[in-house]
Amino acid sequence: MELKLDEILKRDIWKTYGAVSTPAEIVDFMLEVSGVEKWQGLKILEPGCGFCDFLSRIYTKYPLNEFTGIEVNREVYDMIVGLYPHFTLRFSDFLLWDTDERYDIVIGNPPYGIIGDKSHYPIHIFNGEKASYKKLSSTWYGKFNIYGAFIEKGLKLLKDGGQLVFIVPATFMILDDFKLLRKFLSVSGRVKVFYLGPRMFKDKSVSTAILVVRKGLTGIELYEVEGLKKAARYYDRDCYDGSIIKFESSETRHFEEGTQPLADFFHFHFAARSPEIRKHNQVSPESRAGLVPVLTGRNLHPGWIDYDHCYSGLWMPREAAPSLRSFYAFPHIVVGHTKGGKLVAAVDKQCYPWREDIHLVPKTDDLNLDTITLYLNSEGVQQYMHTLYRDITPHVTITQLKQLPIRRQSDGKHSHILKLI
């Protein structure tokens, strides 16, 4: 009988642990791409093991190994102790678990989600331990995500030559929150990333990847997987420096020829956050004369902004907008942050307050913002972005924007414009 966390535990319980069961076909594919040549005489560890999706599957195929599972949920732990008496099972928080043991294989589907208070984050059950996690981690950065901490801890528990095999959200490939983790990966072993894309798990739209790290080697390999059947190698490199992992091609390199990154011309900022806006003494939950809507991503469209509708439910005097963010005081480019990976940009010429999205502030006053916005919305840019980043994240990030190539051209006198590539 196949036990599933989302069927045994109440939904509001298992979600707080960031856990999800792993189908047997995914486990089998992970074993196939792991690169392990002989599944015998190995010490195998499954962190956050739940109902032992990995240990039990490996045991049915290769029983001549040592199997260890770590589980933090008491209800689940009490069940698996009776189900799997032949495994070594520990009731413990993996990230705080102290052991001198080292393993040949660390494999599993670690929990994912941002840890925080109950009102904002689903994984609030570990909020009390967050400070301890950060203290023990060398890669925790920004909001981070608990699966990143599992990767770091898993790698530390490997023997020399051992392998980590995890299925995780693909966001570690490009987000700034994982820049320290990527650097850690680059010095920990040879990194293989098998990009699976979105909807690998029922009712889950998050894009996933299988991460395989062979401790003691170097380099990186990137694969794209279709239907858990074929893994097409995208590239294989002997060196990896921890930079973002993207699907570079001859087309993207041609697109970048003779260009500079957008970061050479703009500063990048997020809009003011909801709590900050709501606390502002001139913000009103009702429309009144002299107030304008606080804009959101729903007001942003390719090349134009809807200044009339209020989707935020908040209004304030337009002249007070700079008290939220100084760059609200002058025209600048706004780029959508939650647009399904599609780049959407427009120039805010009326200088309204914003609650969402990414704001590009010119470093010099000789940039043609309308021309640049037309370029950002162009089909060429959309194709470039999709080729490089697939569906890794559901939104455009500042990291992606900073690296976006653009060509600068002089007009022959002393002013400059940015011309479409």
# chains A, B, ... in the order shown; residues from 1 in each chain; ligands from 1

$ select_by_dssp --residues "stretch 353-397 of chain A" --states "strand (DSSP E)" --output "count of residues only"
5

$ closest_atom_pairs --of "stretch 61-141 of chain A" --to "stretch 175-184 of chain A" --cutoff "8 Å" --atoms "only C-alpha atoms" --output "JSON lines"
{"residue": "A:Ser138", "atom": "CA", "partner": "A:Leu180", "partner_atom": "CA", "distance": 7.7}
{"residue": "A:Thr139", "atom": "CA", "partner": "A:Leu180", "partner_atom": "CA", "distance": 4.8}
{"residue": "A:Trp140", "atom": "CA", "partner": "A:Leu180", "partner_atom": "CA", "distance": 7.2}
{"residue": "A:Tyr141", "atom": "CA", "partner": "A:Asp177", "partner_atom": "CA", "distance": 5.3}

$ write_last_selection --atoms "N, CA and C atoms" --output "short mmCIF file (atom, residue, chain, number, x, y, z; two decimals), in the first residue's frame"
data_model
loop_
_atom_site.label_atom_id
_atom_site.label_comp_id
_atom_site.auth_asym_id
_atom_site.auth_seq_id
_atom_site.Cartn_x
_atom_site.Cartn_y
_atom_site.Cartn_z
N SER A 138 25.73 27.99 6.35
CA SER A 138 26.67 28.95 5.75
C SER A 138 26.12 29.52 4.45
N THR A 139 24.95 29.04 4.01
CA THR A 139 24.41 29.47 2.71
C THR A 139 23.09 30.22 2.83
N TRP A 140 22.59 30.39 4.04
CA TRP A 140 21.30 31.08 4.24
C TRP A 140 21.44 32.54 3.83
N TYR A 141 20.56 32.97 2.92
CA TYR A 141 20.64 34.34 2.42
C TYR A 141 19.23 34.80 2.04
#

$ atom_distance --atom1 "atom CA of A:Gln282" --atom2 "atom CA of A:Met316"
5.8 Å

$ residues_around --residues "stretch 349-351 of chain A" --least-positions-apart "5" --cutoff "9 Å" --atoms "only C-alpha atoms" --output "ChimeraX atom specification"
/A:307,318-319,321-322,327-333

$ atom_distance --atom1 "atom CA of A:Gly128" --atom2 "atom CA of A:Pro47"
20.0 Å

$ closest_residue --among "A:Arg390, A:Val165, A:Phe91, A:Asp203" --to "A:Asp78" --atoms "only C-alpha atoms"
A:Phe91

$ atom_distance --atom1 "atom CA of A:Gly48" --atom2 "atom CA of A:Leu217"
26.4 Å

$ closest_residue --among "A:Ile244, A:Val81, A:Ile277, A:Leu388" --to "A:Ile220" --atoms "only C-alpha atoms"
A:Ile244

$ select_by_dssp --residues "stretch 270-379 of chain A" --states "alpha helix (DSSP H)" --output "PyMOL selection string"
chain A and resi 274-279+369-376+379

$ write_last_selection --atoms "N, CA and C atoms" --output "PDB file, in the first residue's frame"
ATOM      1  N   SER A 274       3.065  46.206   1.129  1.00  0.00           N
ATOM      2  CA  SER A 274       1.724  46.483   1.646  1.00  0.00           C
ATOM      3  C   SER A 274       1.714  46.978   3.096  1.00  0.00           C
ATOM      4  N   PRO A 275       2.425  46.302   4.034  1.00  0.00           N
ATOM      5  CA  PRO A 275       2.379  46.779   5.425  1.00  0.00           C
ATOM      6  C   PRO A 275       2.859  48.220   5.574  1.00  0.00           C
ATOM      7  N   GLU A 276       3.916  48.563   4.826  1.00  0.00           N
ATOM      8  CA  GLU A 276       4.444  49.922   4.884  1.00  0.00           C
ATOM      9  C   GLU A 276       3.431  50.929   4.358  1.00  0.00           C
ATOM     10  N   ILE A 277       2.762  50.564   3.262  1.00  0.00           N
ATOM     11  CA  ILE A 277       1.796  51.478   2.661  1.00  0.00           C
ATOM     12  C   ILE A 277       0.597  51.678   3.587  1.00  0.00           C
ATOM     13  N   ARG A 278       0.112  50.588   4.164  1.00  0.00           N
ATOM     14  CA  ARG A 278      -1.072  50.669   5.021  1.00  0.00           C
ATOM     15  C   ARG A 278      -0.817  51.515   6.269  1.00  0.00           C
ATOM     16  N   LYS A 279       0.430  51.539   6.728  1.00  0.00           N
ATOM     17  CA  LYS A 279       0.768  52.312   7.922  1.00  0.00           C
ATOM     18  C   LYS A 279       0.962  53.798   7.633  1.00  0.00           C
ATOM     19  N   LEU A 369      13.482  56.400 -22.457  1.00  0.00           N
ATOM     20  CA  LEU A 369      12.712  55.383 -21.735  1.00  0.00           C
ATOM     21  C   LEU A 369      11.651  54.729 -22.613  1.00  0.00           C
ATOM     22  N   ASP A 370      11.051  55.477 -23.514  1.00  0.00           N
ATOM     23  CA  ASP A 370      10.039  54.900 -24.397  1.00  0.00           C
ATOM     24  C   ASP A 370      10.650  53.855 -25.325  1.00  0.00           C
ATOM     25  N   THR A 371      11.816  54.152 -25.855  1.00  0.00           N
ATOM     26  CA  THR A 371      12.493  53.202 -26.739  1.00  0.00           C
ATOM     27  C   THR A 371      12.892  51.942 -25.987  1.00  0.00           C
ATOM     28  N   ILE A 372      13.400  52.132 -24.786  1.00  0.00           N
ATOM     29  CA  ILE A 372      13.820  50.984 -23.976  1.00  0.00           C
ATOM     30  C   ILE A 372      12.620  50.121 -23.608  1.00  0.00           C
ATOM     31  N   THR A 373      11.503  50.757 -23.267  1.00  0.00           N
ATOM     32  CA  THR A 373      10.298  50.011 -22.918  1.00  0.00           C
ATOM     33  C   THR A 373       9.780  49.215 -24.106  1.00  0.00           C
ATOM     34  N   LEU A 374       9.824  49.820 -25.277  1.00  0.00           N
ATOM     35  CA  LEU A 374       9.424  49.099 -26.491  1.00  0.00           C
ATOM     36  C   LEU A 374      10.292  47.861 -26.686  1.00  0.00           C
ATOM     37  N   TYR A 375      11.574  47.998 -26.420  1.00  0.00           N
ATOM     38  CA  TYR A 375      12.501  46.875 -26.521  1.00  0.00           C
ATOM     39  C   TYR A 375      12.177  45.794 -25.489  1.00  0.00           C
ATOM     40  N   LEU A 376      11.924  46.203 -24.253  1.00  0.00           N
ATOM     41  CA  LEU A 376      11.643  45.229 -23.197  1.00  0.00           C
ATOM     42  C   LEU A 376      10.392  44.416 -23.493  1.00  0.00           C
ATOM     43  N   GLU A 379       9.128  40.962 -28.945  1.00  0.00           N
ATOM     44  CA  GLU A 379       9.080  39.505 -29.072  1.00  0.00           C
ATOM     45  C   GLU A 379      10.476  38.904 -28.946  1.00  0.00           C
TER      46      GLU A 379
END

$ residues_around --residues "stretch 222-235 of chain A" --least-positions-apart "5" --cutoff "10 Å" --atoms "only C-alpha atoms" --output "list in words"
Glu25, Ile26, Asp28, Phe29, Met30, Val33, Val191, Lys192, Val193, Phe194, Tyr195, Leu196, Gly197, Met200, Ala209, Ile210, Leu211, Ile245, Lys246, Phe247, Glu248 and Ser249 of chain A

$ residues_around --residues "A:Thr338" --least-positions-apart "5" --cutoff "7 Å" --atoms "only C-alpha atoms" --output "VMD selection string"
chain A and resid 394 to 396

$ residues_around --residues "A:Arg237" --least-positions-apart "6" --cutoff "9 Å" --atoms "only C-alpha atoms" --output "list in words"
Thr218, Gly219, Ile220 and Glu221 of chain A

$ closest_residue --among "A:Cys49, A:Leu155, A:Val20, A:Ile398" --to "A:Phe266" --atoms "only C-alpha atoms"
A:Ile398

$ closest_residue --among "A:Val292, A:Leu89, A:Ala272, A:Ala131" --to "A:Asp357" --atoms "only C-alpha atoms"
A:Ala272

$ closest_residue --among "A:Pro405, A:Pro317, A:Gly113, A:Gly154" --to "A:Asn281" --atoms "only C-alpha atoms"
A:Pro317

$ residues_around --residues "A:Val206" --least-positions-apart "4" --cutoff "7 Å" --atoms "only C-alpha atoms" --output "list in words"
Pro169, Pro198 and Arg199 of chain A
